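The structure file target-v2.cif is reproduced below (mmCIF, C-alpha atoms).
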```
data_final
loop_
_atom_site.label_atom_id
_atom_site.label_comp_id
_atom_site.auth_asym_id
_atom_site.auth_seq_id
_atom_site.Cartn_x
_atom_site.Cartn_y
_atom_site.Cartn_z
CA MET Y 6 52.15 28.63 49.95
CA HIS Y 7 53.24 32.22 50.52
CA TYR Y 8 52.51 34.82 47.85
CA SER Y 9 55.66 34.49 45.75
CA MET Y 10 54.90 35.08 42.09
CA GLN Y 11 52.26 36.48 39.78
CA TYR Y 12 51.80 35.88 36.05
CA THR Y 13 49.94 38.31 33.81
CA ILE Y 14 48.47 36.42 30.87
CA THR Y 15 47.32 37.93 27.56
CA ALA Y 16 45.66 35.76 24.91
CA PRO Y 17 46.62 35.86 21.20
CA ASN Y 18 44.18 37.20 18.58
CA SER Y 19 44.40 34.02 16.54
CA LEU Y 20 44.66 30.47 17.83
CA ARG Y 21 46.30 27.61 15.86
CA HIS Y 22 48.12 25.19 18.10
CA THR Y 23 49.08 21.56 18.69
CA ALA Y 24 49.39 20.76 22.41
CA GLU Y 25 51.39 17.80 23.70
CA LEU Y 26 49.17 16.94 26.65
CA PRO Y 27 50.57 15.47 29.87
CA ALA Y 28 50.08 11.75 30.38
CA SER Y 29 47.08 10.76 32.48
CA LYS Y 30 47.90 11.24 36.14
CA SER Y 31 45.06 8.89 37.16
CA ILE Y 32 46.30 6.02 35.01
CA SER Y 33 49.99 6.69 35.81
CA ASN Y 34 49.38 6.49 39.57
CA ARG Y 35 47.35 3.29 39.28
CA ALA Y 36 49.76 1.63 36.84
CA LEU Y 37 52.72 2.42 39.12
CA ILE Y 38 51.17 0.82 42.22
CA ILE Y 39 49.99 -2.22 40.24
CA HIS Y 40 53.40 -2.49 38.52
CA ALA Y 41 55.07 -2.51 41.97
CA LEU Y 42 52.62 -5.17 43.22
CA SER Y 43 53.39 -7.29 40.13
CA ARG Y 44 57.10 -7.04 41.14
CA GLY Y 45 57.78 -6.11 37.53
CA SER Y 46 60.99 -4.54 36.27
CA ILE Y 47 59.61 -2.69 33.20
CA LEU Y 48 58.29 0.71 34.30
CA PRO Y 49 55.09 1.85 32.51
CA GLU Y 50 55.89 4.07 29.50
CA ASN Y 51 54.87 7.72 29.09
CA LEU Y 52 54.42 8.22 32.84
CA SER Y 53 53.03 11.59 33.91
CA ASN Y 54 55.74 14.05 34.99
CA CYS Y 55 53.47 15.79 37.49
CA ASP Y 56 54.23 16.13 41.20
CA ASP Y 57 51.59 13.58 42.25
CA THR Y 58 53.17 10.86 40.12
CA GLU Y 59 56.81 11.79 40.86
CA VAL Y 60 56.29 11.28 44.61
CA ILE Y 61 55.06 7.73 43.94
CA VAL Y 62 57.93 7.02 41.51
CA ASN Y 63 60.47 8.25 44.09
CA ALA Y 64 58.89 6.36 46.98
CA LEU Y 65 58.89 3.08 45.03
CA LYS Y 66 62.42 3.60 43.72
CA ASP Y 67 64.17 4.83 46.89
CA ASN Y 68 61.98 3.02 49.47
CA PRO Y 69 63.01 5.31 52.39
CA TYR Y 70 61.79 4.65 55.95
CA GLU Y 71 59.95 7.99 55.98
CA ILE Y 72 58.02 8.65 52.77
CA ASN Y 73 56.93 12.26 52.23
CA ILE Y 74 54.24 12.44 49.56
CA LYS Y 75 53.95 16.24 49.97
CA ALA Y 76 50.49 17.49 48.80
CA ALA Y 77 49.54 14.42 46.72
CA GLY Y 78 46.23 13.08 48.04
CA THR Y 79 46.14 10.19 45.58
CA ALA Y 80 49.65 9.13 46.59
CA MET Y 81 48.74 9.27 50.30
CA ARG Y 82 45.76 6.97 49.80
CA PHE Y 83 47.36 4.55 47.32
CA MET Y 84 50.63 4.28 49.26
CA THR Y 85 48.79 3.65 52.56
CA ALA Y 86 47.21 0.51 51.10
CA TYR Y 87 50.36 -0.50 49.19
CA LEU Y 88 52.62 -0.28 52.27
CA ALA Y 89 50.09 -2.25 54.33
CA VAL Y 90 50.76 -5.33 52.14
CA LYS Y 91 54.57 -4.93 51.85
CA ASP Y 92 55.42 -7.93 53.99
CA GLY Y 93 58.27 -7.37 56.44
CA GLU Y 94 58.66 -3.61 55.89
CA GLU Y 95 57.88 -0.66 58.12
CA HIS Y 96 57.41 2.94 56.94
CA VAL Y 97 56.15 6.32 58.11
CA LEU Y 98 53.97 8.05 55.52
CA THR Y 99 53.68 11.84 55.82
CA GLY Y 100 52.98 14.97 53.75
CA THR Y 101 52.44 18.74 53.82
CA GLU Y 102 50.68 20.61 56.62
CA ARG Y 103 47.45 20.55 54.55
CA MET Y 104 47.84 16.77 54.05
CA LYS Y 105 48.01 16.33 57.85
CA HIS Y 106 44.49 17.79 57.97
CA ARG Y 107 42.99 15.65 55.20
CA PRO Y 108 41.03 12.76 56.76
CA ILE Y 109 42.17 9.18 56.15
CA SER Y 110 40.42 7.20 58.91
CA VAL Y 111 37.90 5.51 56.56
CA LEU Y 112 40.78 3.89 54.65
CA VAL Y 113 42.82 3.09 57.77
CA ASP Y 114 39.77 1.48 59.47
CA ALA Y 115 39.09 -0.62 56.35
CA LEU Y 116 42.72 -1.78 56.12
CA ARG Y 117 42.81 -2.56 59.86
CA PHE Y 118 39.64 -4.62 59.41
CA LEU Y 119 41.56 -6.64 56.80
CA GLY Y 120 44.37 -7.14 59.34
CA ALA Y 121 46.73 -4.23 58.58
CA ASP Y 122 49.06 -2.81 61.26
CA ILE Y 123 48.68 0.99 60.96
CA GLN Y 124 49.21 3.58 63.72
CA TYR Y 125 48.57 7.31 63.74
CA VAL Y 126 51.80 9.18 64.51
CA GLY Y 127 50.07 12.51 65.19
CA GLU Y 128 46.38 13.37 65.34
CA GLU Y 129 43.92 10.46 65.34
CA GLY Y 130 42.29 10.05 61.91
CA PHE Y 131 44.92 12.00 59.94
CA PRO Y 132 48.43 11.47 58.52
CA PRO Y 133 51.29 10.87 59.35
CA LEU Y 134 50.89 7.07 59.59
CA ARG Y 135 53.26 4.34 60.78
CA ILE Y 136 52.61 1.25 58.66
CA LYS Y 137 54.01 -2.27 59.22
CA GLY Y 138 53.45 -4.35 56.10
CA GLY Y 139 52.21 -7.92 56.21
CA GLN Y 140 50.18 -10.62 54.46
CA LEU Y 141 46.50 -9.65 54.84
CA GLU Y 142 43.59 -12.08 54.86
CA GLY Y 143 41.05 -10.18 52.77
CA GLY Y 144 37.44 -11.39 52.59
CA LEU Y 145 34.25 -9.33 52.76
CA LEU Y 146 34.49 -5.59 53.44
CA GLU Y 147 31.77 -2.93 53.53
CA VAL Y 148 32.61 0.73 52.95
CA PRO Y 149 30.38 3.74 52.22
CA GLY Y 150 30.17 4.46 48.48
CA ASN Y 151 30.04 8.23 48.98
CA ILE Y 152 33.63 8.56 50.25
CA SER Y 153 36.52 9.51 47.99
CA SER Y 154 36.86 6.92 45.22
CA GLN Y 155 40.62 6.97 45.91
CA TYR Y 156 40.00 5.04 49.15
CA ILE Y 157 38.04 2.45 47.19
CA SER Y 158 40.68 2.28 44.44
CA ALA Y 159 43.45 1.87 47.03
CA LEU Y 160 41.66 -1.15 48.55
CA LEU Y 161 40.91 -2.68 45.15
CA MET Y 162 44.49 -2.44 43.87
CA ILE Y 163 45.94 -4.48 46.75
CA ALA Y 164 43.06 -7.01 46.60
CA PRO Y 165 44.74 -9.55 44.23
CA THR Y 166 47.57 -9.93 46.80
CA LEU Y 167 45.19 -10.75 49.69
CA LYS Y 168 44.99 -14.37 50.81
CA ASN Y 169 41.25 -14.63 50.16
CA GLY Y 170 40.93 -11.81 47.64
CA LEU Y 171 38.33 -9.14 48.38
CA THR Y 172 34.59 -8.74 48.12
CA LEU Y 173 33.95 -5.02 48.45
CA ARG Y 174 30.39 -3.93 49.14
CA LEU Y 175 29.72 -0.20 48.69
CA THR Y 176 26.82 1.09 50.79
CA GLY Y 177 24.61 4.10 50.02
CA ASP Y 178 25.24 6.37 47.03
CA ILE Y 179 28.31 5.58 44.95
CA ILE Y 180 30.18 8.68 43.76
CA SER Y 181 32.96 8.94 41.15
CA ARG Y 182 32.07 5.53 39.69
CA PRO Y 183 34.21 6.12 36.55
CA TYR Y 184 37.32 6.35 38.74
CA ILE Y 185 36.48 2.97 40.28
CA ASP Y 186 35.94 1.56 36.78
CA LEU Y 187 39.28 3.04 35.68
CA THR Y 188 40.99 1.22 38.58
CA LEU Y 189 39.33 -2.11 37.71
CA TRP Y 190 40.22 -1.66 34.03
CA THR Y 191 43.90 -0.94 34.84
CA MET Y 192 44.00 -3.92 37.22
CA ARG Y 193 42.64 -6.21 34.48
CA GLU Y 194 45.27 -4.85 32.06
CA PHE Y 195 47.81 -6.42 34.45
CA GLY Y 196 45.98 -9.75 34.65
CA ALA Y 197 43.76 -9.25 37.73
CA ASP Y 198 40.42 -11.04 38.04
CA ALA Y 199 38.23 -8.14 39.21
CA GLU Y 200 34.65 -7.16 38.33
CA TRP Y 201 31.35 -5.76 39.57
CA SER Y 202 29.18 -8.71 40.61
CA ASP Y 203 26.14 -6.46 41.05
CA PHE Y 204 25.39 -2.72 41.26
CA GLU Y 205 27.19 -2.22 44.58
CA THR Y 206 29.56 -5.17 44.95
CA ILE Y 207 33.02 -5.70 43.46
CA VAL Y 208 34.71 -9.11 43.62
CA VAL Y 209 38.50 -9.42 43.25
CA ARG Y 210 39.89 -12.96 43.29
CA PRO Y 211 43.32 -13.78 44.78
CA LYS Y 212 45.06 -14.03 41.41
CA PRO Y 213 48.43 -12.21 41.27
CA TYR Y 214 49.25 -9.44 38.81
CA LYS Y 215 51.41 -10.24 35.78
CA GLU Y 216 54.29 -8.05 34.68
CA ARG Y 217 53.81 -6.40 31.25
CA ALA Y 218 54.91 -3.46 29.11
CA TYR Y 219 52.35 -0.68 29.43
CA TYR Y 220 51.79 2.64 27.63
CA ILE Y 221 49.84 5.48 29.31
CA GLU Y 222 47.45 7.68 27.30
CA SER Y 223 47.20 11.48 27.63
CA ASP Y 224 45.17 13.20 30.32
CA TRP Y 225 41.58 14.22 29.50
CA SER Y 226 41.42 16.65 32.44
CA GLY Y 227 44.54 18.35 30.98
CA ALA Y 228 42.63 18.60 27.69
CA SER Y 229 39.75 20.37 29.47
CA TYR Y 230 41.73 23.62 29.71
CA TRP Y 231 42.30 23.66 25.93
CA TYR Y 232 38.58 23.03 25.40
CA GLU Y 233 37.95 25.98 27.74
CA ILE Y 234 40.39 28.14 25.74
CA MET Y 235 38.58 27.12 22.55
CA ALA Y 236 35.14 27.90 24.05
CA LEU Y 237 36.32 31.35 25.18
CA SER Y 238 38.50 32.21 22.16
CA LYS Y 239 37.21 35.11 20.06
CA ASP Y 240 38.94 33.75 16.93
CA PRO Y 241 36.10 32.19 14.84
CA ASP Y 242 38.62 30.02 12.94
CA ALA Y 243 40.50 28.83 16.03
CA GLU Y 244 41.83 25.27 15.86
CA VAL Y 245 43.67 23.24 18.51
CA LYS Y 246 45.06 19.72 18.12
CA LEU Y 247 45.53 17.60 21.25
CA THR Y 248 47.82 14.56 21.08
CA GLY Y 249 47.61 11.13 22.67
CA LEU Y 250 43.91 11.00 23.59
CA MET Y 251 41.70 7.97 23.17
CA ASP Y 252 38.13 7.66 21.92
CA GLY Y 253 36.24 5.46 24.39
CA SER Y 254 38.78 6.34 27.12
CA LYS Y 255 38.14 4.90 30.59
CA GLN Y 256 39.02 8.28 32.13
CA GLY Y 257 35.88 9.76 33.70
CA ASP Y 258 36.88 13.26 32.60
CA SER Y 259 36.61 12.26 28.92
CA SER Y 260 32.91 13.16 29.35
CA LEU Y 261 34.05 16.78 29.00
CA ARG Y 262 33.84 16.59 25.21
CA TYR Y 263 30.06 16.02 25.40
CA ILE Y 264 29.56 18.91 27.84
CA PHE Y 265 31.75 21.22 25.73
CA SER Y 266 29.73 20.28 22.63
CA LEU Y 267 26.85 22.10 24.38
CA LEU Y 268 29.09 25.15 24.78
CA GLY Y 269 30.10 25.47 21.15
CA VAL Y 270 33.18 23.21 20.84
CA LYS Y 271 33.22 20.29 18.39
CA THR Y 272 35.60 17.32 18.67
CA HIS Y 273 37.12 15.28 15.84
CA PHE Y 274 39.17 12.10 16.43
CA GLU Y 275 41.80 11.32 13.79
CA SER Y 276 41.37 7.59 14.45
CA LYS Y 277 38.63 5.76 16.34
CA THR Y 278 40.54 2.51 16.87
CA GLN Y 279 39.67 1.26 20.35
CA GLY Y 280 42.53 1.43 22.83
CA VAL Y 281 44.90 3.39 20.57
CA PRO Y 282 45.83 6.99 21.44
CA THR Y 283 45.23 9.45 18.60
CA THR Y 284 45.07 13.20 17.88
CA VAL Y 285 41.91 15.16 18.62
CA THR Y 286 41.10 18.40 16.76
CA ILE Y 287 38.78 20.91 18.41
CA LYS Y 288 37.05 23.87 16.71
CA HIS Y 289 34.11 26.22 17.22
CA SER Y 290 30.71 24.78 16.25
CA GLY Y 291 28.87 28.11 16.59
CA ARG Y 292 26.12 26.56 18.76
CA CYS Y 293 25.77 27.14 22.49
CA VAL Y 294 22.99 26.31 24.96
CA PRO Y 295 21.29 29.25 26.75
CA ARG Y 296 21.60 27.54 30.17
CA LEU Y 297 23.43 24.47 31.51
CA GLU Y 298 22.42 22.04 34.24
CA TYR Y 299 24.80 19.13 34.89
CA ASP Y 300 25.58 16.58 37.59
CA PHE Y 301 29.36 16.30 38.17
CA ILE Y 302 29.09 13.36 40.60
CA ASN Y 303 31.27 11.28 38.24
CA SER Y 304 33.76 13.99 37.27
CA PRO Y 305 34.08 16.57 40.08
CA ASP Y 306 37.54 17.69 38.87
CA LEU Y 307 35.89 19.36 35.86
CA ALA Y 308 33.74 21.68 37.98
CA GLN Y 309 36.16 24.62 38.06
CA THR Y 310 36.61 24.52 34.28
CA PHE Y 311 32.86 24.67 33.63
CA VAL Y 312 32.05 27.27 36.29
CA VAL Y 313 34.54 29.66 34.68
CA THR Y 314 33.63 28.79 31.07
CA CYS Y 315 29.85 29.14 31.51
CA ALA Y 316 30.03 32.43 33.39
CA LEU Y 317 32.40 33.99 30.81
CA LEU Y 318 30.10 32.79 28.00
CA ASN Y 319 27.16 34.28 29.93
CA VAL Y 320 25.51 30.85 30.25
CA PRO Y 321 23.66 30.56 33.62
CA PHE Y 322 24.23 27.17 35.27
CA HIS Y 323 23.21 24.83 38.06
CA PHE Y 324 25.87 22.19 38.81
CA HIS Y 325 25.13 19.26 41.12
CA GLY Y 326 27.21 16.49 42.70
CA LEU Y 327 30.08 18.63 44.02
CA LYS Y 328 30.17 17.41 47.63
CA THR Y 329 33.79 16.17 47.37
CA LEU Y 330 35.00 19.67 46.39
CA LYS Y 331 35.13 20.67 50.07
CA ILE Y 332 37.95 18.17 50.81
CA LYS Y 333 40.13 18.61 47.73
CA GLU Y 334 43.46 20.52 47.64
CA THR Y 335 41.44 23.42 49.03
CA ASP Y 336 37.74 24.04 49.70
CA ARG Y 337 37.04 24.49 45.98
CA ILE Y 338 33.45 25.65 46.48
CA GLU Y 339 34.51 28.68 48.57
CA ALA Y 340 37.56 29.31 46.38
CA LEU Y 341 35.41 29.44 43.25
CA LYS Y 342 32.86 31.79 44.82
CA ASN Y 343 35.65 34.15 45.99
CA GLU Y 344 37.54 34.27 42.71
CA MET Y 345 34.46 34.47 40.45
CA LYS Y 346 33.38 37.50 42.48
CA LYS Y 347 36.68 39.19 41.52
CA LEU Y 348 35.67 38.68 37.87
CA GLY Y 349 32.24 40.18 38.61
CA TYR Y 350 30.10 37.00 38.88
CA VAL Y 351 28.03 36.12 41.96
CA VAL Y 352 28.12 32.31 42.21
CA LYS Y 353 26.06 30.74 45.02
CA SER Y 354 26.39 27.36 46.69
CA VAL Y 355 23.63 25.16 48.14
CA ASN Y 356 24.14 22.31 50.64
CA ASP Y 357 27.90 22.30 49.93
CA SER Y 358 27.15 20.23 46.85
CA ASP Y 359 25.59 22.56 44.24
CA LEU Y 360 26.97 25.65 42.52
CA ILE Y 361 24.54 28.04 40.85
CA TRP Y 362 24.96 31.16 38.74
CA ASP Y 363 21.69 32.79 37.67
CA GLY Y 364 23.29 35.68 35.78
CA GLU Y 365 23.85 37.93 38.81
CA ARG Y 366 26.81 40.29 38.40
CA CYS Y 367 28.79 42.47 40.78
CA GLU Y 368 31.54 45.08 40.45
CA PRO Y 369 34.72 43.23 39.32
CA ASN Y 370 37.92 43.77 41.27
CA MET Y 371 40.89 42.07 39.68
CA GLU Y 372 43.84 44.26 40.54
CA ASN Y 373 45.26 41.79 43.09
CA GLY Y 374 44.92 38.85 40.72
CA ILE Y 375 43.30 35.43 41.03
CA ASP Y 376 44.38 33.45 44.10
CA THR Y 377 45.12 29.76 43.53
CA TYR Y 378 44.86 28.37 47.12
CA GLU Y 379 47.70 25.85 46.54
CA ASP Y 380 45.30 24.22 44.07
CA HIS Y 381 46.55 23.48 40.52
CA ARG Y 382 43.04 23.45 39.07
CA MET Y 383 42.37 27.03 40.17
CA ALA Y 384 45.33 28.29 38.11
CA LEU Y 385 44.52 26.01 35.16
CA ALA Y 386 40.82 26.93 35.04
CA PHE Y 387 41.27 30.70 35.39
CA ALA Y 388 44.15 31.21 32.91
CA PRO Y 389 41.80 30.84 29.86
CA VAL Y 390 39.80 33.86 31.11
CA SER Y 391 42.51 35.88 29.30
CA CYS Y 392 40.71 34.95 26.04
CA ARG Y 393 37.78 37.17 27.10
CA LEU Y 394 39.45 39.95 29.10
CA ASN Y 395 42.46 42.08 28.16
CA ASP Y 396 44.55 40.04 30.55
CA ILE Y 397 44.32 38.06 33.77
CA LYS Y 398 46.71 37.91 36.71
CA ILE Y 399 47.29 34.54 38.38
CA ASN Y 400 48.98 34.34 41.81
CA ASN Y 401 51.37 31.50 42.63
CA PRO Y 402 51.07 30.05 39.11
CA GLN Y 403 53.64 27.32 39.87
CA VAL Y 404 50.88 25.22 41.51
CA VAL Y 405 50.18 23.73 38.04
CA THR Y 406 53.13 21.31 38.53
CA LYS Y 407 50.76 19.09 40.52
CA SER Y 408 49.07 17.85 37.33
CA TYR Y 409 50.26 19.79 34.24
CA PRO Y 410 53.87 20.97 34.74
CA ASN Y 411 54.33 22.29 31.16
CA PHE Y 412 51.07 24.26 31.04
CA TRP Y 413 52.62 27.75 30.96
CA ASP Y 414 55.18 26.69 28.31
CA ASP Y 415 52.34 25.23 26.23
CA LEU Y 416 50.44 28.53 26.46
CA ARG Y 417 53.55 30.44 25.37
CA ASP Y 418 53.89 28.06 22.40
CA ALA Y 419 50.28 28.94 21.50
CA GLN Y 420 51.35 32.62 21.43
CA PHE Y 421 49.88 33.60 24.79
CA ASN Y 422 51.90 36.38 26.34
CA ILE Y 423 52.91 35.54 29.93
CA HIS Y 424 54.93 38.00 31.93
CA ILE Y 425 55.93 38.17 35.55
#
```
Give the structure from the file, written as structure tokens.
Amino acid sequence: MHYSMQYTITAPNSLRHTAELPASKSISNRALIIHALSRGSILPENLSNCDDTEVIVNALKDNPYEINIKAAGTAMRFMTAYLAVKDGEEHVLTGTERMKHRPISVLVDALRFLGADIQYVGEEGFPPLRIKGGQLEGGLLEVPGNISSQYISALLMIAPTLKNGLTLRLTGDIISRPYIDLTLWTMREFGADAEWSDFETIVVRPKPYKERAYYIESDWSGASYWYEIMALSKDPDAEVKLTGLMDGSKQGDSSLRYIFSLLGVKTHFESKTQGVPTTVTIKHSGRCVPRLEYDFINSPDLAQTFVVTCALLNVPFHFHGLKTLKIKETDRIEALKNEMKKLGYVVKSVNDSDLIWDGERCEPNMENGIDTYEDHRMALAFAPVSCRLNDIKINNPQVVTKSYPNFWDDLRDAQFNIHI
């Protein structure tokens, strides 16, 4: 994205706010694909309005020959599997220039093994894809467990439609397990017979999905930026309410409330009824660890939030399990190192999977603003820095539409000053 806009953000002195969080993108995208496979007519309620979900909604509704999913990695992976089982249809699946350089061969090879007819239109191993849908056999499939969990979720979601179901064996280390569990949970909500049979094997029987009304809870990763604002806020009596979250949520990122409890933020659920969305109130607890070590293997999307929060709180950290950050919307490891340096923090990486800050500082240089690298989470994670500095400039702030389209409006409602 060319350099087109810059926001300057100034935080309010006092913070009292109720935020209407976006619906969970992860659950929305899964529920949409499963809803389509159930051939249901009742769309899931409270769908996310983010770009990633809209491209799936539009593709399912309009069913064009060429489907452009733009920059939505989840949509690319889920739609590849979905179109492979749409008997009698042919489509070309494409996206942005960056998407054409994001690898997809692991998923394509797995689907071809199950009998899918998929061709590469351009470069071997990358989108665009030409997909002819058909009835697939299913059976036993082995895939590495350390690939993106979206590949695994894509295969699982189509499994109930396969003639023989699917036995999926994951080899080696399994990363992002909560995302796989979230997929299985959503599948079961629609009547699928799917479960782990042992530590590395998932069995899905050929039992079709059932149509049902379905309500989607709010997004825990969207909540993470309000937790970050709370952690960094200088108002000792700050209070933020977050709507539509669930205690015991299946979203992997719900673990953030435990990590933030170590950084001085306490969480209170209005109701603890299982499976019912409620309002969460967050406040300062006044207690913060001197140093933080954490393995983000199960929730890599939270890494940016915690890198920024810890450094600004002057809490040295060592974060593990970040290998997938290299292949996200941008190379998030390099992006974080570059932008933290602008704030005056020297963050180091080890083996492309660990990020470390040992307290080392450098001369800050923020006059050109924070670059967002076409990555929504860079803008979302750096905006709260305004709570500690006089202001912060964010370049290309519109990238937030990928997961949290109303973020800037929500900040304005909380009395943050945002000017162009």
So what do you get for atom CA of His289 of chain Y versus atom CA of Gly269 of chain Y, distance-wise?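 Result for atom CA of His289 of chain Y versus atom CA of Gly269 of chain Y: 5.7 Å, one decimal.
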Identify all residues satisfying the PyMOL selection byres ((chain Y and resi 190-195) around 7) in the given file; provide them as a tab-separated table (two decimals) with C-alpha atoms, in the frame of the given file.
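Listing of part38.tsv after writing:
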```
chain	number	residue	atom	x	y	z
Y	36	ALA	CA	49.76	1.63	36.84
Y	39	ILE	CA	49.99	-2.22	40.24
Y	162	MET	CA	44.49	-2.44	43.87
Y	186	ASP	CA	35.94	1.56	36.78
Y	187	LEU	CA	39.28	3.04	35.68
Y	188	THR	CA	40.99	1.22	38.58
Y	189	LEU	CA	39.33	-2.11	37.71
Y	196	GLY	CA	45.98	-9.75	34.65
Y	197	ALA	CA	43.76	-9.25	37.73
Y	198	ASP	CA	40.42	-11.04	38.04
Y	199	ALA	CA	38.23	-8.14	39.21
Y	214	TYR	CA	49.25	-9.44	38.81
Y	215	LYS	CA	51.41	-10.24	35.78
Y	216	GLU	CA	54.29	-8.05	34.68
Y	217	ARG	CA	53.81	-6.40	31.25
```
For a quick check of understanding, using only C-alpha atoms, which of Y:Pro213, Y:Ala16, Y:Glu128, Y:Glu25 has the smallest distance to Ser43 of chain Y?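 Of all the options, Y:Pro213 lies closest to Ser43 of chain Y.
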Residues matched by the PyMOL selection byres ((chain Y and resi 93) around 10) as a list in words: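 So the PyMOL selection byres ((chain Y and resi 93) around 10) ends up selecting Leu88, Ala89, Val90, Lys91, Asp92, Glu94, Glu95, Lys137, Gly138, Gly139 and Gln140 of chain Y.
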In Å, how far is it from atom CA of Asp418 of chain Y to atom CA of Asp240 of chain Y? 16.9 Å
Pairwise distance for atom CA of Phe421 of chain Y and atom CA of Thr23 of chain Y, rounded to one decimal in Å: 13.5 Å
Exactly which residues make up the result of the PyMOL selection byres ((chain Y and resi 383) around 12) on this file, given as a PyMOL selection string? chain Y and resi 230+306-313+333-345+375-382+384-390+399-405+407-408
Any chance you could tabulate, as a Markdown table, the residues of segment 71-100 of chain Y at most 10 Å from segment 108-116 of chain Y with each one's nearest atom pair and distance in Å to one decimal, using all atoms listed in the file, in chain and rising number order?
```
| residue | atom | partner | partner_atom | distance |
| --- | --- | --- | --- | --- |
| Y:Gly78 | CA | Y:Ile109 | CA | 9.9 |
| Y:Met81 | CA | Y:Ile109 | CA | 8.8 |
| Y:Arg82 | CA | Y:Leu112 | CA | 7.6 |
| Y:Phe83 | CA | Y:Leu112 | CA | 9.9 |
| Y:Thr85 | CA | Y:Val113 | CA | 7.9 |
| Y:Ala86 | CA | Y:Leu116 | CA | 7.1 |
| Y:Ala89 | CA | Y:Leu116 | CA | 7.6 |
| Y:Val90 | CA | Y:Leu116 | CA | 9.6 |
```
Show which residues sit within 6 Å of segment 45-58 of chain Y, as an MDAnalysis selection string. Count only C-alpha atoms, and ignore same-chain residues fewer than 2 positions away. chainID Y and resid 28 30 33:34 40 43 60:61 77 216 219:221 406:408 410
Determine, counting all atoms listed in the file, every residue of protein, DNA or RNA that lies within 6 Å of (42.2, -13.4, 40.8) in the file coordinates, then give the result as a ChimeraX atom specification. /Y:165,197-198,209-212
